[in-house]
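J.: Sharing data_34.cif below, mmCIF, C-alpha atoms and all ligand atoms:
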```cif
data_start
#
loop_
_atom_site.label_atom_id
_atom_site.label_comp_id
_atom_site.auth_asym_id
_atom_site.auth_seq_id
_atom_site.Cartn_x
_atom_site.Cartn_y
_atom_site.Cartn_z
CA MET A 885 -55.58 -17.24 50.46
CA SER A 886 -55.45 -13.51 51.03
CA LEU A 887 -52.35 -13.40 53.22
CA THR A 888 -49.58 -14.15 50.75
CA GLY A 889 -45.85 -13.64 50.31
CA VAL A 890 -44.13 -13.36 53.68
CA LEU A 891 -46.44 -14.93 56.27
CA ARG A 892 -44.77 -14.33 59.63
CA PRO A 893 -41.56 -14.21 61.63
CA GLY A 894 -40.88 -17.94 61.81
CA HIS A 895 -37.75 -18.03 63.94
CA VAL A 896 -35.20 -15.97 65.80
CA ALA A 897 -31.70 -17.27 66.50
CA ILE A 898 -30.28 -15.87 69.73
CA ARG A 899 -26.69 -16.16 70.96
CA VAL A 900 -26.31 -17.08 74.61
CA LEU A 901 -23.19 -17.13 76.75
CA GLU A 902 -23.98 -20.43 78.49
CA LEU A 903 -26.50 -22.91 77.16
CA GLU A 904 -27.71 -24.51 80.40
CA PRO A 905 -28.88 -21.37 82.25
CA ALA A 906 -30.31 -20.07 78.97
CA LEU A 907 -32.32 -23.25 78.47
CA LYS A 908 -33.60 -23.11 82.02
CA HIS A 909 -34.79 -19.54 81.39
CA TYR A 910 -36.39 -20.21 78.01
CA THR A 911 -38.09 -23.47 79.04
CA GLU A 912 -38.95 -23.05 82.75
CA VAL A 913 -39.45 -19.30 83.09
CA LEU A 914 -40.58 -18.24 79.62
CA GLY A 915 -42.09 -21.67 79.06
CA LEU A 916 -41.09 -22.71 75.55
CA THR A 917 -40.67 -26.40 74.65
CA GLU A 918 -37.43 -27.92 73.43
CA THR A 919 -37.92 -29.70 70.09
CA ALA A 920 -34.38 -30.54 68.96
CA ARG A 921 -30.74 -30.24 69.95
CA ASP A 922 -27.64 -29.91 67.77
CA GLN A 923 -24.74 -30.94 70.01
CA LYS A 924 -22.08 -30.20 67.43
CA ASN A 925 -22.99 -26.55 66.98
CA LYS A 926 -24.24 -26.11 70.54
CA ARG A 927 -27.73 -25.20 69.41
CA VAL A 928 -31.14 -25.90 70.91
CA PHE A 929 -34.42 -25.47 69.05
CA LEU A 930 -37.63 -24.49 70.84
CA LYS A 931 -41.22 -23.60 70.12
CA ALA A 932 -44.13 -21.90 71.88
CA TRP A 933 -47.18 -24.02 72.60
CA ASP A 934 -49.55 -22.75 69.91
CA GLU A 935 -47.05 -22.82 67.09
CA HIS A 936 -47.49 -25.75 64.74
CA ASP A 937 -44.08 -25.54 63.08
CA HIS A 938 -41.01 -27.35 64.39
CA HIS A 939 -39.31 -24.39 66.10
CA SER A 940 -39.41 -20.63 66.46
CA VAL A 941 -36.43 -19.96 68.74
CA VAL A 942 -32.86 -21.15 68.27
CA LEU A 943 -30.37 -20.72 71.10
CA ARG A 944 -26.69 -20.98 70.22
CA GLU A 945 -23.88 -20.92 72.76
CA ALA A 946 -21.33 -18.26 71.74
CA ASP A 947 -18.85 -15.76 73.18
CA GLU A 948 -21.13 -12.82 72.45
CA ALA A 949 -24.79 -12.22 73.27
CA GLY A 950 -27.12 -10.88 70.57
CA MET A 951 -29.03 -12.11 67.55
CA ASP A 952 -27.64 -14.33 64.80
CA TYR A 953 -30.60 -13.93 62.43
CA MET A 954 -34.33 -13.88 62.09
CA GLY A 955 -36.25 -16.19 59.70
CA TRP A 956 -39.47 -15.44 57.80
CA LYS A 957 -41.87 -18.10 56.60
CA VAL A 958 -43.18 -17.48 53.08
CA ASP A 959 -46.25 -19.06 51.52
CA SER A 960 -44.59 -21.45 49.04
CA PRO A 961 -41.32 -22.61 47.50
CA ALA A 962 -42.22 -20.54 44.40
CA THR A 963 -42.52 -17.40 46.53
CA LEU A 964 -39.21 -18.23 48.16
CA LYS A 965 -37.50 -18.32 44.75
CA LYS A 966 -39.22 -15.16 43.62
CA LEU A 967 -38.44 -13.13 46.76
CA ALA A 968 -34.83 -14.34 46.77
CA ALA A 969 -34.48 -13.12 43.17
CA ASP A 970 -36.14 -9.82 44.11
CA VAL A 971 -33.75 -9.31 47.03
CA GLU A 972 -30.82 -9.99 44.74
CA LYS A 973 -32.15 -7.64 42.05
CA SER A 974 -32.70 -4.82 44.54
CA LYS A 975 -28.95 -4.70 45.33
CA LEU A 976 -29.94 -3.41 48.78
CA CYS A 977 -28.65 -6.40 50.74
CA GLN A 978 -25.34 -8.13 51.32
CA ASP A 979 -23.98 -11.61 52.02
CA LEU A 980 -26.68 -13.40 50.02
CA ALA A 981 -26.55 -17.15 50.60
CA TRP A 982 -28.64 -20.31 50.31
CA ILE A 983 -28.57 -22.48 53.42
CA PRO A 984 -29.30 -26.11 52.54
CA ALA A 985 -32.40 -27.93 53.74
CA GLY A 986 -31.86 -29.70 57.04
CA GLU A 987 -29.33 -27.23 58.44
CA HIS A 988 -32.13 -26.35 60.85
CA PRO A 989 -33.83 -29.62 61.80
CA GLY A 990 -37.10 -30.15 59.97
CA THR A 991 -36.60 -27.08 57.80
CA GLY A 992 -36.33 -26.63 54.05
CA GLU A 993 -33.72 -24.49 52.32
CA ARG A 994 -33.34 -20.93 53.55
CA PHE A 995 -32.28 -17.81 51.68
CA ARG A 996 -30.16 -15.56 53.88
CA PHE A 997 -29.23 -11.90 53.37
CA THR A 998 -28.10 -8.96 55.47
CA VAL A 999 -30.27 -5.84 55.45
CA PRO A 1000 -28.71 -2.33 55.53
CA THR A 1001 -28.99 -2.03 59.34
CA GLY A 1002 -26.64 -5.04 59.54
CA HIS A 1003 -29.17 -7.72 60.54
CA ALA A 1004 -29.16 -11.14 58.91
CA MET A 1005 -32.61 -12.20 57.70
CA GLU A 1006 -33.78 -15.47 56.17
CA LEU A 1007 -36.70 -16.59 54.05
CA TYR A 1008 -37.89 -20.18 53.99
CA ALA A 1009 -41.01 -21.99 52.82
CA GLU A 1010 -40.99 -25.32 54.59
CA LYS A 1011 -40.79 -26.49 58.18
CA ASP A 1012 -42.06 -29.75 59.67
CA ARG A 1013 -45.30 -29.52 61.55
CA LEU A 1014 -45.29 -30.77 65.11
CA GLY A 1015 -48.72 -29.36 65.95
CA ASN A 1016 -49.92 -27.66 69.11
CA ASN A 1017 -50.91 -30.71 71.13
CA CYS A 1018 -54.52 -29.58 71.53
CA GLY A 1019 -56.32 -32.16 69.41
CA THR A 1020 -58.50 -34.61 71.37
CA ASP A 1021 -59.28 -37.10 68.58
CA GLY A 1022 -55.96 -36.87 66.75
CA PRO A 1023 -53.89 -33.84 65.80
CA ASP A 1024 -56.04 -30.76 65.09
CA ILE A 1025 -59.30 -32.65 65.61
CA ASN A 1026 -61.80 -31.35 68.16
CA PRO A 1027 -59.07 -29.31 69.84
CA LEU A 1028 -58.84 -28.08 73.41
CA PRO A 1029 -58.40 -24.32 73.86
CA TRP A 1030 -54.94 -24.91 75.35
CA PRO A 1031 -52.89 -27.98 76.15
CA ASP A 1032 -52.05 -29.52 79.53
CA ASN A 1033 -48.70 -29.20 81.23
CA LEU A 1034 -47.78 -25.64 80.23
CA LYS A 1035 -44.80 -24.30 82.18
CA GLY A 1036 -43.83 -20.81 83.22
CA ILE A 1037 -45.18 -17.80 81.32
CA ALA A 1038 -46.14 -19.98 78.34
CA PRO A 1039 -46.72 -17.47 75.53
CA SER A 1040 -48.65 -18.73 72.51
CA ARG A 1041 -46.07 -17.72 69.90
CA PHE A 1042 -42.90 -15.88 68.99
CA ASP A 1043 -44.30 -12.61 67.69
CA HIS A 1044 -41.74 -9.98 66.64
CA CYS A 1045 -38.33 -8.44 67.24
CA LEU A 1046 -37.18 -4.86 67.78
CA LEU A 1047 -33.74 -4.23 66.29
CA TYR A 1048 -31.29 -1.31 66.37
CA GLY A 1049 -29.24 -0.15 63.41
CA ASP A 1050 -28.00 2.82 61.44
CA ASP A 1051 -29.40 2.66 57.91
CA LEU A 1052 -33.07 2.60 58.82
CA ASP A 1053 -34.13 3.98 55.44
CA GLY A 1054 -32.33 1.19 53.56
CA THR A 1055 -33.80 -1.54 55.75
CA CYS A 1056 -37.30 -0.06 55.44
CA LYS A 1057 -36.90 -0.10 51.68
CA VAL A 1058 -36.07 -3.81 51.75
CA PHE A 1059 -39.03 -4.71 53.93
CA ARG A 1060 -41.55 -2.44 52.21
CA ASP A 1061 -40.54 -2.40 48.55
CA VAL A 1062 -39.01 -5.86 48.18
CA LEU A 1063 -40.74 -8.03 50.78
CA GLY A 1064 -44.14 -6.28 50.69
CA PHE A 1065 -44.46 -5.21 54.33
CA GLY A 1066 -46.66 -2.28 55.34
CA LEU A 1067 -45.64 0.54 57.68
CA SER A 1068 -48.04 0.52 60.63
CA GLU A 1069 -46.34 3.20 62.74
CA GLN A 1070 -43.38 5.51 62.41
CA VAL A 1071 -41.41 7.90 64.61
CA LEU A 1072 -40.18 11.06 62.89
CA LEU A 1073 -37.97 13.92 63.97
CA LYS A 1074 -40.11 16.96 64.72
CA ALA A 1075 -37.41 19.33 63.52
CA ASP A 1076 -36.81 17.32 60.36
CA PRO A 1077 -39.87 15.22 59.51
CA GLY A 1078 -38.01 13.67 56.58
CA THR A 1079 -35.93 11.73 59.07
CA MET A 1080 -37.46 8.56 60.37
CA ILE A 1081 -36.03 7.23 63.63
CA GLY A 1082 -38.43 4.37 64.26
CA ALA A 1083 -40.29 2.03 61.90
CA PHE A 1084 -42.92 -0.58 62.81
CA LEU A 1085 -43.56 -2.96 59.93
CA SER A 1086 -46.23 -5.59 59.36
CA CYS A 1087 -46.48 -8.46 56.87
CA SER A 1088 -49.80 -9.60 58.34
CA ASN A 1089 -52.76 -8.37 60.37
CA LYS A 1090 -50.52 -7.75 63.38
CA ALA A 1091 -49.63 -4.22 64.48
CA HIS A 1092 -46.01 -5.17 63.83
CA ASP A 1093 -43.98 -8.20 62.83
CA ILE A 1094 -40.68 -6.36 63.15
CA ALA A 1095 -39.54 -2.93 64.28
CA PHE A 1096 -36.36 -0.93 63.87
CA ILE A 1097 -34.97 2.06 65.71
CA ARG A 1098 -32.23 4.16 64.21
CA GLN A 1099 -29.08 4.01 66.32
CA PRO A 1100 -25.46 4.47 65.27
CA VAL A 1101 -24.75 0.72 65.42
CA LYS A 1102 -24.98 -2.29 63.10
CA GLY A 1103 -26.95 -5.47 63.66
CA LYS A 1104 -27.98 -4.93 67.26
CA PHE A 1105 -30.78 -6.72 69.06
CA HIS A 1106 -33.22 -4.92 71.37
CA HIS A 1107 -35.76 -7.66 72.11
CA ALA A 1108 -37.61 -10.72 70.95
CA SER A 1109 -41.27 -10.71 71.88
CA PHE A 1110 -43.78 -13.43 72.63
CA GLU A 1111 -47.56 -13.17 72.63
CA LEU A 1112 -49.91 -13.57 75.60
CA GLY A 1113 -53.70 -13.62 75.41
CA SER A 1114 -54.51 -10.96 77.97
CA TRP A 1115 -53.29 -8.16 80.17
CA GLU A 1116 -53.92 -10.40 83.17
CA LYS A 1117 -51.39 -12.86 81.75
CA VAL A 1118 -48.83 -10.05 81.42
CA LEU A 1119 -49.33 -9.35 85.13
CA ARG A 1120 -48.95 -13.07 85.87
CA ALA A 1121 -45.74 -13.04 83.80
CA GLY A 1122 -44.44 -10.36 86.17
CA ASP A 1123 -45.24 -12.65 89.10
CA ILE A 1124 -43.39 -15.56 87.52
CA LEU A 1125 -40.36 -13.40 86.67
CA SER A 1126 -40.14 -12.10 90.21
CA ARG A 1127 -40.51 -15.58 91.67
CA HIS A 1128 -37.52 -16.70 89.58
CA GLN A 1129 -35.63 -13.48 90.34
CA THR A 1130 -35.32 -12.80 86.64
CA SER A 1131 -33.82 -9.41 85.78
CA ILE A 1132 -36.82 -7.22 84.86
CA ASP A 1133 -36.24 -4.13 82.74
CA ILE A 1134 -39.64 -2.42 82.93
CA GLY A 1135 -43.31 -3.15 83.34
CA PRO A 1136 -45.95 -4.39 83.33
CA THR A 1137 -46.96 -1.23 81.45
CA ARG A 1138 -48.38 -0.14 78.10
CA HIS A 1139 -46.71 0.89 74.86
CA GLY A 1140 -48.18 3.91 73.08
CA ILE A 1141 -46.90 2.52 69.79
CA THR A 1142 -49.00 -0.56 68.87
CA ARG A 1143 -50.98 -0.13 72.18
CA GLY A 1144 -49.54 -3.39 73.46
CA GLU A 1145 -49.44 -4.25 77.16
CA THR A 1146 -45.95 -5.33 78.00
CA ILE A 1147 -43.19 -6.45 80.31
CA TYR A 1148 -39.49 -6.39 79.35
CA PHE A 1149 -36.94 -8.67 81.00
CA PHE A 1150 -33.52 -10.17 80.33
CA ASP A 1151 -32.39 -13.71 79.63
CA PRO A 1152 -29.28 -14.94 81.54
CA SER A 1153 -27.01 -13.58 78.78
CA GLY A 1154 -28.52 -10.10 78.82
CA ASN A 1155 -30.69 -10.48 75.73
CA ARG A 1156 -33.97 -8.68 76.26
CA ASN A 1157 -37.25 -10.61 76.02
CA GLU A 1158 -40.75 -9.20 75.99
CA VAL A 1159 -44.12 -10.77 76.60
CA PHE A 1160 -47.08 -8.66 75.56
CA SER A 1161 -50.79 -8.74 74.85
CA GLY A 1162 -53.20 -6.57 72.90
CA GLY A 1163 -52.45 -4.22 70.05
CA TYR A 1164 -54.79 -3.81 67.11
CA ILE A 1165 -55.53 -5.34 63.73
CA TYR A 1166 -53.50 -3.89 60.92
CA TYR A 1167 -54.74 -3.77 57.33
CA PRO A 1168 -52.58 -2.73 54.39
CA ASP A 1169 -54.90 0.19 53.63
CA LYS A 1170 -54.58 1.62 57.14
CA PRO A 1171 -52.67 4.93 57.21
CA PRO A 1172 -49.39 4.74 59.13
CA LEU A 1173 -49.64 6.22 62.63
CA THR A 1174 -47.02 8.90 63.23
CA TRP A 1175 -45.22 9.86 66.42
CA TYR A 1176 -42.71 12.67 66.74
CA ASP A 1177 -39.53 12.36 68.76
CA ASP A 1178 -40.76 14.90 71.32
CA SER A 1179 -43.47 12.34 72.20
CA LEU A 1180 -41.12 9.40 72.28
CA GLY A 1181 -41.74 8.95 76.03
CA PRO A 1182 -45.47 8.12 75.79
CA ALA A 1183 -44.88 6.41 72.44
CA ILE A 1184 -42.67 3.83 74.12
CA PHE A 1185 -44.00 3.71 77.70
CA TYR A 1186 -47.45 5.25 77.79
CA HIS A 1187 -47.85 5.42 81.58
CA ASP A 1188 -44.42 6.73 82.57
CA ARG A 1189 -44.42 9.10 79.56
CA LYS A 1190 -40.65 8.88 79.44
CA ILE A 1191 -38.27 6.27 78.19
CA ASN A 1192 -36.28 4.57 80.89
CA GLU A 1193 -32.51 4.82 81.02
CA SER A 1194 -32.02 1.40 79.49
CA PHE A 1195 -34.42 1.57 76.53
CA LEU A 1196 -31.97 3.28 74.18
CA SER A 1197 -28.65 2.28 75.70
CA VAL A 1198 -29.12 -1.38 76.64
CA PHE A 1199 -29.06 -3.89 73.78
CA THR A 1200 -26.98 -6.86 72.68
CA MET B 1116 -19.66 -19.24 94.48
CA PRO B 1117 -17.09 -17.36 96.52
CA HIS B 1118 -17.42 -17.99 100.23
CA LEU B 1119 -16.73 -14.80 102.12
CA ILE B 1120 -15.99 -14.73 105.80
CA THR B 1121 -16.11 -10.98 106.13
CA PRO B 1122 -17.66 -8.68 103.55
CA HIS B 1123 -15.32 -6.68 101.35
CA LEU B 1124 -15.55 -2.93 100.87
CA ILE B 1125 -16.22 -1.77 97.31
CA THR B 1126 -15.50 1.83 96.35
CA ILE B 1127 -16.84 3.44 93.17
CA GLU B 1128 -14.18 6.01 92.50
CA ASN B 1129 -16.19 8.30 90.19
CA SER B 1130 -19.04 8.77 92.66
CA GLY B 1131 -17.18 8.18 95.90
CA GLU B 1132 -19.86 5.68 96.94
CA ARG B 1133 -18.84 2.78 99.17
CA PHE B 1134 -20.75 -0.37 99.90
CA GLN B 1135 -20.16 -3.87 101.18
CA SER B 1136 -19.99 -7.01 99.10
CA VAL B 1137 -22.63 -9.66 99.70
CA ASP B 1138 -21.67 -13.30 99.67
CA GLY B 1139 -22.39 -14.77 96.24
CA MET B 1140 -23.53 -11.44 94.77
CA SER B 1141 -21.87 -9.57 91.93
CA VAL B 1142 -20.49 -6.06 92.46
CA LEU B 1143 -23.51 -4.66 90.60
CA ALA B 1144 -26.08 -6.65 92.58
CA ALA B 1145 -24.44 -5.61 95.86
CA MET B 1146 -24.45 -2.00 94.67
CA GLU B 1147 -28.17 -2.17 93.85
CA GLN B 1148 -28.89 -3.76 97.22
CA ALA B 1149 -26.99 -0.94 98.95
CA ARG B 1150 -29.02 1.57 96.90
CA CYS B 1151 -25.93 3.12 95.36
CA ARG B 1152 -26.09 4.38 91.78
CA GLY B 1153 -22.54 4.98 90.60
CA ILE B 1154 -22.47 2.14 88.06
CA PRO B 1155 -25.15 2.17 85.33
CA VAL B 1156 -27.45 -0.86 85.52
CA GLY B 1157 -28.53 -2.58 82.33
CA CYS B 1158 -29.28 -6.25 81.75
CA ARG B 1159 -27.52 -7.44 84.96
CA ASN B 1160 -26.45 -10.54 83.02
CA GLY B 1161 -23.18 -9.80 81.22
CA GLY B 1162 -24.56 -8.99 77.78
CA CYS B 1163 -25.07 -5.26 77.33
CA GLY B 1164 -21.93 -3.55 78.69
CA ALA B 1165 -23.80 -0.85 80.62
CA CYS B 1166 -22.07 -1.76 83.89
CA LYS B 1167 -18.53 -1.84 82.51
CA VAL B 1168 -15.92 -0.81 85.10
CA ARG B 1169 -12.16 -0.70 85.41
CA VAL B 1170 -10.93 -2.35 88.55
CA THR B 1171 -8.28 -0.08 90.02
CA SER B 1172 -7.40 -2.23 93.02
CA GLY B 1173 -8.19 -5.59 94.57
CA GLN B 1174 -8.81 -9.21 93.61
CA TYR B 1175 -11.88 -10.57 91.91
CA ARG B 1176 -13.14 -13.34 89.73
CA THR B 1177 -15.51 -13.02 86.82
CA GLY B 1178 -18.27 -15.04 85.17
CA LYS B 1179 -18.67 -15.27 81.40
CA MET B 1180 -19.00 -11.82 79.78
CA SER B 1181 -20.10 -11.03 76.23
CA ARG B 1182 -17.04 -10.49 74.00
CA ALA B 1183 -19.07 -7.87 72.14
CA VAL B 1184 -18.62 -5.56 75.13
CA VAL B 1185 -15.47 -6.85 76.89
CA SER B 1186 -12.55 -7.73 74.62
CA VAL B 1187 -9.63 -9.91 75.64
CA ALA B 1188 -7.52 -6.73 75.80
CA ASP B 1189 -10.13 -5.03 78.01
CA GLU B 1190 -10.13 -7.94 80.37
CA ALA B 1191 -6.33 -7.94 80.59
CA GLN B 1192 -6.49 -4.28 81.66
CA GLY B 1193 -9.04 -5.00 84.38
CA CYS B 1194 -12.01 -3.69 82.38
CA VAL B 1195 -14.86 -6.00 83.29
CA LEU B 1196 -18.62 -6.08 83.80
CA ALA B 1197 -19.69 -5.29 87.36
CA CYS B 1198 -22.65 -7.65 87.01
CA LYS B 1199 -20.25 -10.55 86.37
CA THR B 1200 -17.55 -9.55 88.85
CA TYR B 1201 -17.27 -11.18 92.26
CA PRO B 1202 -14.95 -9.51 94.78
CA GLN B 1203 -12.30 -11.55 96.58
CA SER B 1204 -10.86 -8.61 98.49
CA ASP B 1205 -11.70 -4.92 98.94
CA LEU B 1206 -12.16 -3.43 95.45
CA GLY B 1207 -11.78 -0.03 93.85
CA VAL B 1208 -13.70 0.38 90.59
CA GLU B 1209 -14.15 3.15 88.11
CA ALA B 1210 -17.43 3.17 86.15
CA LEU B 1211 -16.81 3.45 82.42
CA GLY B 1212 -20.38 3.42 81.17
CA ARG B 1213 -20.84 7.10 80.47
CA ILE B 1214 -17.20 8.10 80.21
CA LEU B 1215 -15.70 6.03 77.45
CA GLN B 1216 -17.92 7.66 74.83
CA THR B 1217 -15.60 8.70 72.10
CA GLY B 1218 -16.32 11.32 69.48
CA PRO B 1219 -19.61 11.98 67.72
CA SER B 1220 -21.04 8.91 66.01
CA ARG B 1221 -22.14 8.75 62.43
CA ALA B 1222 -25.84 9.13 61.81
CA THR B 1223 -26.43 10.87 65.12
CA SER B 1224 -28.69 13.45 63.58
CA PHE B 1225 -31.07 12.99 66.47
CA SER B 1226 -30.41 13.80 70.04
CA PHE B 1227 -31.26 10.59 71.83
CA ALA B 1228 -28.78 8.16 70.33
CA ILE B 1229 -26.57 7.04 73.16
CA PRO B 1230 -23.34 5.59 71.86
CA ARG B 1231 -22.11 2.90 74.19
CA PRO B 1232 -18.56 2.07 75.10
CA GLU B 1233 -17.78 -0.63 72.63
CA SER B 1234 -14.46 -2.09 71.77
CA PRO B 1235 -13.54 -1.42 68.18
CA ARG B 1236 -13.64 -4.56 66.06
CA SER B 1237 -9.92 -4.69 65.53
CA GLU B 1238 -9.25 -4.61 69.22
CA ARG B 1239 -11.94 -7.18 69.85
CA GLU B 1240 -10.44 -9.65 67.44
CA ALA B 1241 -6.95 -9.13 68.73
S1 LIG A 1301 -25.63 -4.72 83.24
FE1 LIG A 1301 -25.56 -5.54 81.18
S2 LIG A 1301 -23.52 -6.27 81.16
FE2 LIG A 1301 -23.75 -5.74 83.25
FE FE A 1302 -41.98 -5.46 71.28
#
```
Could you write out this structure as structure tokens?

T.:
Amino acid sequence: MSLTGVLRPGHVAIRVLELEPALKHYTEVLGLTETARDQKNKRVFLKAWDEHDHHSVVLREADEAGMDYMGWKVDSPATLKKLAADVEKSKLCQDLAWIPAGEHPGTGERFRFTVPTGHAMELYAEKDRLGNNCGTDGPDINPLPWPDNLKGIAPSRFDHCLLYGDDLDGTCKVFRDVLGFGLSEQVLLKADPGTMIGAFLSCSNKAHDIAFIRQPVKGKFHHASFELGSWEKVLRAGDILSRHQTSIDIGPTRHGITRGETIYFFDPSGNRNEVFSGGYIYYPDKPPLTWYDDSLGPAIFYHDRKINESFLSVFT
Amino acid sequence: MPHLITPHLITIENSGERFQSVDGMSVLAAMEQARCRGIPVGCRNGGCGACKVRVTSGQYRTGKMSRAVVSVADEAQGCVLACKTYPQSDLGVEALGRILQTGPSRATSFSFAIPRPESPRSEREA
């Protein structure tokens, strides 16, 4: 196995103001599937069609919108122990805690910590496999390219988050030096190239698994993104969003950073979602791509060449 | 949903813009429909705080708003989110989005950070 350590973003837990409209959005418009419900804590667990693991999105009804935490699947229980010890040793994170197995349905124990930008992150090694429903002669045997009965936009997977916070350098240190992520792209200040204002980090072959932008806030959520197979599907997502009168932020358009084709929209609690396609393959020996703040416009929205009003000021 | 017999007149005091309410539509949605611009538009769904206004006159009801951007104290003073506010009479509102910015923020060594009007924690938990 050549992809080791942290494998992928395995779940994102999003706070919603009212569960029912949120569920309608995430299942009928975005097109995820509900896999479990926790009545007591007002949580619903969902997955995208091509994910094998039990869930990748957790919705929790709360008084505030935003993100509770993001979870990362690691390759083994031994790696989980090792990375947890490394996080502790680094002294870079706060609120370290072990969450017992079963607190998320079908999930092993999770190690939780808060990175310097104020975001709670988790590592875990085990989650039940539900499969992707494509096998024709039993699970994963002679599979179809995609299953029947997909609803809405129907992305294949939860892909990444973009988060806003103040101590970008500290958080980058955690992801790069402790968790082994690579820096695929960065945004630097032209007048002071020692100051990074945007970091795009990968633990895999993806152009990014998580991104951060420096803002004078703690623990804020910009968007959770879901993968589509083609630009044509991004356009179709726009059609579906309009049909449901979903609040669209911008797009379909292209990002300069990561080259992804994208559309941004809001869930019924104001949390931003993205569906995107494209990007490139990242390898750990690839030099980081650098953007300067005076090119932030095309870096974010390549066609408009300027960031829209809401990109920097609207988050939850 | 409020059932309006005659539309109400909404006035944005900072910009002087006036527009009519639309049955079942929030103040922000009616503003967008009337192509006015006095209240900043963000998520349109009560989460981001971009559309925060202070209601200076009139009756209204509100939907659920994120406590991260509207505290209990805010709400008591008529500070609400236009995207979750439904007029029940003529309304006067003052947009707070770009005005409540207080003092320079920490770590604003770059020019594009836009501090948002956020209730301080202490106030929020009050
Ligand atoms: S526009 Fe986001 S709260 Fe109203
Ligand atoms: Fe994204």

J.: Do you have the CA of His1107 (chain A)-CA of Ala897 (chain A) distance handy?

T.: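 Calculated distance between CA of His1107 (chain A) and CA of Ala897 (chain A) is 11.8 Å.
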
J.: With distances taken over all atoms listed in the file, which residue among A:Ala932, A:Ala1183, A:Ala1108, A:Leu1125 lies nearest Gly1144 (chain A)?

T.: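 Ranked by minimum distance to Gly1144 (chain A), first place goes to A:Ala1183.
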
J.: Need the shell around Thr1200 (chain B): protein/DNA/RNA residues with any atom at most 9 Å away, counting only C-alpha atoms. Skip same-chain ones fewer than 2 positions apart. Format as a list of chain:residue names?

T.: B:Met1140, B:Ser1141, B:Val1142, B:Leu1143, B:Tyr1175, B:Arg1176, B:Thr1177, B:Gly1178, B:Val1195, B:Leu1196, B:Ala1197, B:Cys1198, B:Pro1202

J.: Given a cut-off of 7 Å, what residues near ligand FE 1302 (chain A) show up using all atoms listed in the file, put as a ChimeraX atom specification?

T.: /A:1044-1046,1107-1109,1158

J.: Could you report the residues within 7 Å of ligand LIG 1301 (chain A), using only C-alpha atoms and all ligand atoms, as a list in words?

T.: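 Taking only C-alpha atoms and all ligand atoms into account, the residues around ligand LIG 1301 (chain A) at most 7 Å away are Gly1154 of chain A; Val1156, Gly1157, Cys1158, Arg1159, Asn1160, Gly1161, Gly1162, Cys1163, Gly1164, Ala1165, Cys1166, Lys1167, Leu1196, Ala1197, Cys1198 and Lys1199 of chain B.
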
J.: If you measure from CA of Ala1191 (chain B) to CA of Asp1205 (chain B), what distance in Å do you get, rounded to one decimal?

T.: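 That distance, rounded to one decimal, is 19.4 Å.
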